[in-house]
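Structure file run.csv (CSV, C-alpha atoms) follows.
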chain,number,residue,atom,x,y,z
K,30,MET,CA,-10.8,-14.3,-16.0
K,31,SER,CA,-9.3,-17.5,-14.6
K,32,ALA,CA,-8.4,-17.4,-11.0
K,33,LEU,CA,-4.8,-16.3,-10.1
K,34,SER,CA,-3.5,-18.5,-7.3
K,35,LEU,CA,-0.4,-17.6,-5.3
K,36,TYR,CA,1.0,-17.3,-1.7
K,37,VAL,CA,1.4,-14.4,0.7
K,38,ASP,CA,4.9,-14.7,2.1
K,39,GLY,CA,5.1,-11.4,4.0
K,40,ILE,CA,2.8,-8.6,5.2
K,41,GLY,CA,3.5,-4.9,6.1
K,42,LEU,CA,0.9,-2.6,7.5
K,43,PHE,CA,1.1,0.9,8.9
K,44,GLY,CA,-1.8,3.3,9.5
K,45,PRO,CA,-3.7,5.3,12.1
K,46,GLY,CA,-3.7,3.0,15.2
K,47,LEU,CA,-2.1,0.3,13.2
K,48,PRO,CA,1.7,0.6,14.0
K,49,GLY,CA,3.0,-2.4,12.1
K,50,TRP,CA,1.6,-5.8,11.2
K,51,ALA,CA,2.5,-7.5,14.6
K,52,GLN,CA,0.3,-5.0,16.5
K,53,ALA,CA,-2.3,-4.5,13.7
K,54,ARG,CA,-3.1,-8.2,13.5
K,55,THR,CA,-4.3,-8.2,17.1
K,56,VAL,CA,-6.7,-5.4,16.2
K,57,LEU,CA,-7.9,-7.2,13.0
K,58,ASP,CA,-8.3,-10.6,14.7
K,59,GLY,CA,-10.4,-9.0,17.5
K,60,SER,CA,-7.9,-9.4,20.3
K,61,SER,CA,-7.4,-5.7,20.8
K,62,ALA,CA,-9.7,-2.7,20.4
K,63,PHE,CA,-9.1,-0.3,17.5
K,64,ALA,CA,-8.5,3.4,18.2
K,65,ILE,CA,-7.5,6.1,15.7
K,66,GLU,CA,-4.1,7.5,16.5
K,67,ALA,CA,-1.5,9.4,14.6
K,68,ILE,CA,0.5,7.2,12.3
K,69,LYS,CA,3.9,6.2,13.7
K,70,LEU,CA,6.6,5.2,11.3
K,71,PRO,CA,10.1,3.9,11.8
K,72,ALA,CA,13.0,6.0,10.5
K,73,ALA,CA,14.0,5.3,6.9
K,74,GLU,CA,17.4,4.2,8.0
K,75,ALA,CA,18.1,2.3,4.8
K,76,LEU,CA,18.3,5.5,2.8
K,77,PRO,CA,21.5,7.5,2.7
K,78,PRO,CA,21.4,10.7,4.9
K,79,ALA,CA,20.8,13.1,1.9
K,80,GLU,CA,17.9,11.1,0.5
K,81,ARG,CA,16.5,10.6,4.0
K,82,ARG,CA,16.3,14.3,4.5
K,83,ARG,CA,14.4,14.7,1.2
K,84,ALA,CA,11.9,11.9,1.9
K,85,GLY,CA,8.3,12.9,2.5
K,86,LEU,CA,5.5,10.9,4.1
K,87,ALA,CA,4.7,8.8,1.0
K,88,ILE,CA,8.3,7.6,0.7
K,89,LYS,CA,8.7,6.9,4.5
K,90,LEU,CA,5.4,5.0,4.5
K,91,SER,CA,6.3,2.9,1.5
K,92,MET,CA,9.7,2.1,3.1
K,93,ALA,CA,8.1,1.1,6.4
K,94,ILE,CA,5.6,-1.3,4.8
K,95,GLY,CA,8.0,-2.7,2.2
K,96,PHE,CA,10.8,-3.6,4.7
K,97,GLU,CA,8.3,-5.1,7.2
K,98,ALA,CA,6.9,-7.4,4.5
K,99,VAL,CA,10.3,-8.5,3.2
K,100,ARG,CA,11.8,-9.1,6.6
K,101,ALA,CA,8.8,-11.2,7.6
K,102,ALA,CA,9.5,-13.4,4.6
K,103,ASP,CA,13.2,-13.3,5.1
K,104,ALA,CA,13.5,-12.2,1.5
K,105,ASP,CA,16.2,-10.1,-0.3
K,106,PRO,CA,14.6,-6.8,-1.4
K,107,ALA,CA,17.4,-6.3,-3.9
K,108,LEU,CA,16.0,-9.2,-6.0
K,109,LEU,CA,12.3,-8.4,-5.9
K,110,PRO,CA,10.2,-6.8,-8.7
K,111,THR,CA,7.9,-4.2,-7.2
K,112,VAL,CA,4.5,-2.7,-7.8
K,113,PHE,CA,3.9,0.7,-6.1
K,114,SER,CA,0.2,1.6,-6.1
K,115,SER,CA,-1.1,4.9,-4.8
K,116,THR,CA,-4.1,7.0,-5.6
K,117,GLY,CA,-2.2,10.3,-5.1
K,118,GLY,CA,1.4,9.7,-4.1
K,119,ASP,CA,2.8,12.4,-1.9
K,120,CYS,CA,-0.2,14.6,-1.4
K,121,GLU,CA,1.4,17.1,0.8
K,122,ASN,CA,4.2,17.7,-1.7
K,123,CYS,CA,1.6,18.2,-4.4
K,124,HIS,CA,-0.1,20.8,-2.2
K,125,ASN,CA,3.1,22.6,-1.6
K,126,LEU,CA,4.0,22.7,-5.3
K,127,LEU,CA,0.6,24.2,-6.2
K,128,GLU,CA,0.9,26.7,-3.4
K,129,THR,CA,4.2,27.8,-4.7
K,130,LEU,CA,2.9,28.1,-8.3
K,131,ALA,CA,0.0,30.2,-7.0
K,132,SER,CA,2.3,32.6,-5.2
K,133,ASN,CA,4.2,35.6,-6.4
K,134,ASP,CA,7.5,33.7,-6.2
K,135,ARG,CA,6.9,30.7,-8.5
K,136,SER,CA,10.4,29.2,-7.9
K,137,VAL,CA,9.8,25.4,-7.4
K,138,SER,CA,12.2,23.6,-5.0
K,139,PRO,CA,14.2,20.9,-7.0
K,140,THR,CA,13.5,18.4,-4.2
K,141,ARG,CA,9.8,19.0,-4.3
K,142,PHE,CA,9.8,18.7,-8.1
K,143,HIS,CA,11.6,15.4,-8.2
K,144,ASN,CA,9.4,14.1,-5.3
K,145,SER,CA,6.3,15.0,-7.3
K,146,VAL,CA,6.6,12.2,-9.9
K,147,HIS,CA,4.4,9.2,-9.2
K,148,ASN,CA,7.3,6.8,-9.2
K,149,ALA,CA,9.4,8.7,-6.7
K,150,PRO,CA,8.8,6.1,-3.9
K,151,ALA,CA,10.0,3.4,-6.3
K,152,GLY,CA,13.2,5.4,-7.0
K,153,TYR,CA,13.9,5.8,-3.3
K,154,TRP,CA,13.2,2.1,-2.7
K,155,SER,CA,15.8,1.2,-5.4
K,156,ILE,CA,18.4,3.5,-3.7
K,157,ALA,CA,17.7,2.0,-0.3
K,158,THR,CA,17.8,-1.6,-1.4
K,159,GLY,CA,20.1,-1.6,-4.5
K,160,CYS,CA,17.3,-3.3,-6.4
K,161,MET,CA,17.6,-3.3,-10.2
K,162,ALA,CA,14.5,-5.5,-10.8
K,163,PRO,CA,11.6,-4.1,-12.8
K,164,SER,CA,9.2,-1.7,-10.9
K,165,THR,CA,5.7,-0.5,-11.8
K,166,SER,CA,4.0,2.5,-10.4
K,167,LEU,CA,0.2,2.9,-10.9
K,168,CYS,CA,-3.0,4.5,-9.6
K,169,ALA,CA,-6.6,3.8,-10.1
K,170,TYR,CA,-8.5,6.2,-7.8
K,171,ASP,CA,-10.6,4.2,-5.2
K,172,ALA,CA,-9.6,0.9,-7.0
K,173,THR,CA,-5.9,1.5,-6.4
K,174,PHE,CA,-5.4,-1.4,-4.0
K,175,ALA,CA,-7.2,-3.9,-6.2
K,176,ALA,CA,-5.4,-2.7,-9.3
K,177,GLY,CA,-2.1,-3.0,-7.6
K,178,LEU,CA,-2.9,-6.5,-6.2
K,179,LEU,CA,-3.9,-7.7,-9.7
K,180,GLU,CA,-0.8,-6.2,-11.3
K,181,ALA,CA,1.6,-7.7,-8.7
K,182,SER,CA,-0.2,-11.1,-8.9
K,183,MET,CA,0.0,-11.2,-12.7
K,184,GLN,CA,3.6,-10.4,-12.6
K,185,ALA,CA,4.4,-13.1,-10.1
K,186,VAL,CA,2.3,-15.7,-11.9
K,187,THR,CA,3.7,-15.0,-15.4
K,188,SER,CA,7.3,-14.6,-14.3
K,189,GLY,CA,7.2,-17.5,-11.8
K,190,LYS,CA,9.0,-15.3,-9.3
K,191,PRO,CA,7.9,-13.3,-6.1
K,192,CYS,CA,6.7,-9.8,-6.5
K,193,LEU,CA,6.3,-7.1,-3.8
K,194,LEU,CA,3.1,-5.0,-3.8
K,195,LEU,CA,3.3,-1.7,-1.9
K,196,ALA,CA,-0.1,0.1,-1.8
K,197,PHE,CA,-0.3,3.4,0.2
K,198,ASP,CA,-2.1,6.7,0.5
K,199,THR,CA,-1.5,10.0,2.2
K,200,ALA,CA,-3.8,12.9,3.0
K,201,TYR,CA,-4.1,16.2,1.1
K,202,PRO,CA,-4.1,19.4,3.1
K,203,GLU,CA,-6.9,21.9,2.5
K,204,PRO,CA,-8.1,23.1,0.1
K,205,LEU,CA,-7.4,19.9,-1.9
K,206,ASN,CA,-8.8,17.8,0.9
K,207,ALA,CA,-12.2,19.2,0.3
K,208,LEU,CA,-12.1,17.9,-3.3
K,209,ARG,CA,-10.4,14.5,-2.5
K,210,PRO,CA,-10.9,13.8,1.2
K,211,ILE,CA,-8.5,11.1,2.4
K,212,PRO,CA,-8.4,11.6,6.2
K,213,HIS,CA,-5.4,9.3,7.1
K,214,ALA,CA,-2.2,7.9,5.7
K,215,LEU,CA,-2.2,4.2,5.4
K,216,GLY,CA,0.0,1.6,3.6
K,217,VAL,CA,0.0,-2.1,3.1
K,218,ALA,CA,2.7,-4.3,1.5
K,219,LEU,CA,2.2,-8.0,0.4
K,220,LEU,CA,5.0,-10.2,-0.8
K,221,LEU,CA,3.4,-12.5,-3.3
K,222,ASN,CA,4.9,-15.8,-4.4
K,223,PRO,CA,3.6,-18.1,-7.1
K,224,ARG,CA,5.3,-21.0,-5.4
K,225,GLU,CA,4.7,-22.3,-1.9
K,226,THR,CA,7.7,-22.0,0.4
K,227,ALA,CA,8.3,-22.2,4.2
K,228,ALA,CA,7.6,-18.4,4.4
K,229,ALA,CA,4.0,-18.8,3.1
K,230,GLN,CA,1.4,-17.4,5.5
K,231,ALA,CA,-1.7,-18.0,3.3
K,232,LYS,CA,-2.8,-19.0,-0.1
K,233,ILE,CA,-5.0,-16.6,-2.1
K,234,ALA,CA,-6.9,-16.9,-5.3
K,235,LEU,CA,-8.1,-13.8,-7.2
K,236,GLN,CA,-10.9,-13.5,-9.7
K,237,LEU,CA,-13.1,-10.7,-11.0
K,238,CYS,CA,-16.7,-10.8,-10.1
K,239,ARG,CA,-19.9,-8.6,-9.7
K,240,ALA,CA,-20.6,-9.2,-6.0
K,241,ALA,CA,-21.0,-6.5,-3.4
K,242,PRO,CA,-17.8,-5.4,-1.7
K,243,THR,CA,-17.0,-6.8,1.8
K,244,THR,CA,-17.3,-4.4,4.7
K,245,MET,CA,-15.8,-4.4,8.2
K,246,ALA,CA,-17.9,-5.2,11.3
K,247,ASP,CA,-16.1,-2.6,13.4
K,248,THR,CA,-17.5,0.8,12.6
K,249,GLN,CA,-14.2,2.7,12.9
K,250,LEU,CA,-12.4,0.1,10.7
K,251,GLU,CA,-15.2,0.3,8.2
K,252,SER,CA,-14.9,4.1,8.2
K,253,LEU,CA,-11.2,3.7,7.5
K,254,ARG,CA,-11.8,1.2,4.8
K,255,HIS,CA,-14.3,3.4,3.1
K,256,SER,CA,-12.3,6.6,3.3
K,257,VAL,CA,-8.8,5.5,2.4
K,258,PRO,CA,-8.3,3.7,-1.0
K,259,ALA,CA,-5.4,1.6,0.4
K,260,ALA,CA,-7.6,0.6,3.3
K,261,ARG,CA,-9.8,-1.3,0.9
K,262,SER,CA,-7.3,-4.1,1.8
K,263,LEU,CA,-8.7,-4.4,5.4
K,264,PRO,CA,-11.2,-7.2,4.8
K,265,LEU,CA,-8.4,-9.3,3.2
K,266,LEU,CA,-6.0,-8.4,6.0
K,267,GLU,CA,-8.6,-9.4,8.6
K,268,LEU,CA,-8.7,-12.9,7.1
K,269,LEU,CA,-5.0,-13.1,7.1
K,270,ALA,CA,-4.8,-11.9,10.7
K,271,ARG,CA,-7.3,-14.5,11.8
K,272,ARG,CA,-5.6,-17.2,9.8
K,273,SER,CA,-9.1,-18.0,8.5
K,274,SER,CA,-10.4,-19.4,5.3
K,275,GLY,CA,-12.9,-17.2,3.5
K,276,ARG,CA,-13.8,-15.0,0.6
K,277,VAL,CA,-13.7,-11.2,0.5
K,278,VAL,CA,-14.7,-8.8,-2.3
K,279,ILE,CA,-12.8,-5.6,-2.9
K,280,GLU,CA,-13.8,-2.6,-5.1
K,281,TYR,CA,-12.3,-2.6,-8.6
K,282,ILE,CA,-13.5,-0.7,-11.7
K,283,ASP,CA,-16.1,-0.7,-14.5
K,284,ALA,CA,-18.8,-2.3,-12.3
K,285,LEU,CA,-16.3,-5.2,-11.6
K,286,GLU,CA,-15.0,-6.2,-8.2
K,287,LEU,CA,-12.1,-8.4,-7.1
K,288,ALA,CA,-13.0,-11.6,-5.2
K,289,ILE,CA,-10.2,-13.1,-3.1
K,290,GLU,CA,-10.4,-16.6,-1.7
K,291,VAL,CA,-8.1,-17.1,1.3
K,292,ALA,CA,-6.8,-20.4,2.7
K,293,PRO,CA,-4.4,-20.5,5.6
Final structure tokens representation of the file:
Amino acid sequence: MSALSLYVDGIGLFGPGLPGWAQARTVLDGSSAFAIEAIKLPAAEALPPAERRRAGLAIKLSMAIGFEAVRAADADPALLPTVFSSTGGDCENCHNLLETLASNDRSVSPTRFHNSVHNAPAGYWSIATGCMAPSTSLCAYDATFAAGLLEASMQAVTSGKPCLLLAFDTAYPEPLNALRPIPHALGVALLLNPRETAAAQAKIALQLCRAAPTTMADTQLESLRHSVPAARSLPLLELLARRSSGRVVIEYIDALELAIEVAP
């Protein structure tokens, strides 16, 4: 695979102890200590009131990271193709649906049903932004972040236009958590542009490889990286936060990994 080269115009990040990119970057560049805290998200004000009431954590998280990234780049979200990448989507909603189906009253809430499809966050995003551009929703288990990054990068390079990646995960309640333990919700958005503009924060080049994945020096951040699929992005985000040149490797599939060269 030839390297894919493009620019990062905007970044969004919300997770436990990472309340937005502005504060998270001070943790990732070593200026501030990292401490696990409950995730704090802004209200999904862009959604109409009826949709806002129906929105679960996955939708609120994707809204938060997406708007943070496009605002940082001063981009118009109504014009951006999107790639939504999540290993399980709205895990709490999935739990509640299965709980209902296992009960004596198997009447499923219409809201829970339409929120159960994997592209529900993409639908809510289009409602909030008025975006009519193409949207892709995918999952790839622990390789979900790398798969989303590759898909968004390919779309940007082949179309010659920016593409917004929104990668996010939420946690399953028990008993599903015992089978698929994801301890925290976390999401990251990257606005990727095949052309250099005034908004560019860094240049990245992607290529498949067979090297060992990059880990985090901080033990708590490494635990987060290892336990939440979307947090596989942390080594890349650390370089972006430090505005440093370097190379990181992120888990992909079929014994392949994704190498990312970063140049500020």
> For the atom pair CA of Val217 in chain K and CA of Ser31 in chain K, what is the interatomic distance in Å to one decimal place?
Replying inline: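 Value for the CA of Val217 in chain K-CA of Ser31 in chain K distance: 25.2 Å.
Between Gly85 in chain K and the residues K:Ala53, K:Leu35, K:Ala284, K:Cys123, the shortest atom-to-atom distance, using all atoms listed in the file, involves K:Cys123.
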>> So, with all atoms listed in the file as the atoms that count, which of K:Tyr201, K:Phe43, K:Phe174, K:Tyr281 lies closest to Arg239 in chain K?
In response: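 Among the listed residues, K:Tyr281 lies closest to Arg239 in chain K.
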Do you know which residues are at most 12 Å from range 136-139 of chain K counting all atoms listed in the file, after dropping those on the same chain fewer than 3 positions away, and could you put them as a CSV table (one decimal) with C-alpha atoms, keeping the file's coordinate frame?
chain,number,residue,atom,x,y,z
K,83,ARG,CA,14.4,14.7,1.2
K,122,ASN,CA,4.2,17.7,-1.7
K,123,CYS,CA,1.6,18.2,-4.4
K,125,ASN,CA,3.1,22.6,-1.6
K,126,LEU,CA,4.0,22.7,-5.3
K,127,LEU,CA,0.6,24.2,-6.2
K,128,GLU,CA,0.9,26.7,-3.4
K,129,THR,CA,4.2,27.8,-4.7
K,130,LEU,CA,2.9,28.1,-8.3
K,131,ALA,CA,0.0,30.2,-7.0
K,132,SER,CA,2.3,32.6,-5.2
K,133,ASN,CA,4.2,35.6,-6.4
K,142,PHE,CA,9.8,18.7,-8.1
K,143,HIS,CA,11.6,15.4,-8.2
K,144,ASN,CA,9.4,14.1,-5.3
K,145,SER,CA,6.3,15.0,-7.3
K,146,VAL,CA,6.6,12.2,-9.9
>> So that I can check the surroundings of Thr116 in chain K, please list as an NGL selection string every protein, DNA and RNA residue that reaches within 6 Å of it, counting only C-alpha atoms and ignoring chain neighbours fewer than 2 positions away.
In response: :K and (168 or 170 or 173)
> For the atom pair CA of Leu42 in chain K and CA of Leu220 in chain K, what is the interatomic distance in Å to one decimal place?
Replying inline: 12.0 Å
> Which one of K:Pro204, K:Leu237, K:Glu80, K:Gly189 sits closest to Pro223 in chain K if you count all atoms listed in the file?
Replying inline: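 Answer, going by the shortest atom-to-atom distance: K:Gly189.
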> Quick one: of K:Val112, K:Leu265, K:Leu70, K:Ala175, who's nearest to Leu86 in chain K, counting only C-alpha atoms?
Replying inline: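 Ranking K:Val112, K:Leu265, K:Leu70, K:Ala175 by distance to Leu86 in chain K, first place goes to K:Leu70.
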> Quick one, how far is CA of Pro45 in chain K from CA of Pro202 in chain K?
Replying inline: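 Those two atoms sit 16.7 Å apart.
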>> I'd like to know which of K:Ala196, K:Val99, K:Ala32, K:Leu109 is closest to Asp171 in chain K, using all atoms listed in the file.
In response: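 That would be K:Ala196, the residue with the smallest distance to Asp171 in chain K.
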>> From (-14.0, -7.0, -5.1), in the file's coordinates, out to 9 Å: which residues are reached, counting only C-alpha atoms? Answer as a count of residues only.
In response: 19
> Counting only C-alpha atoms, which residues come within 9 Å of (-15.0, -8.7, 13.5), with the point read in the file's coordinates, and could you list them as JSON, numbers by chain?
Replying inline: {"K": [57, 58, 59, 245, 246, 247, 267]}
Serialized selection, C-alpha atoms, as a CSV table (one decimal), keeping the file's coordinate frame:
chain,number,residue,atom,x,y,z
K,57,LEU,CA,-7.9,-7.2,13.0
K,58,ASP,CA,-8.3,-10.6,14.7
K,59,GLY,CA,-10.4,-9.0,17.5
K,245,MET,CA,-15.8,-4.4,8.2
K,246,ALA,CA,-17.9,-5.2,11.3
K,247,ASP,CA,-16.1,-2.6,13.4
K,267,GLU,CA,-8.6,-9.4,8.6
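Contact shell of Pro150 in chain K at 7 Å (all atoms listed in the file; same-chain neighbours under 2 positions omitted): Ala87, Ile88, Ser91, Asn148, Gly152, Tyr153 and Trp154 of chain K.
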> Between K:Arg209, K:Ala101, K:Gly44, K:Cys160, which has the minimum distance to Glu66 in chain K (counting all atoms listed in the file)?
Replying inline: K:Gly44
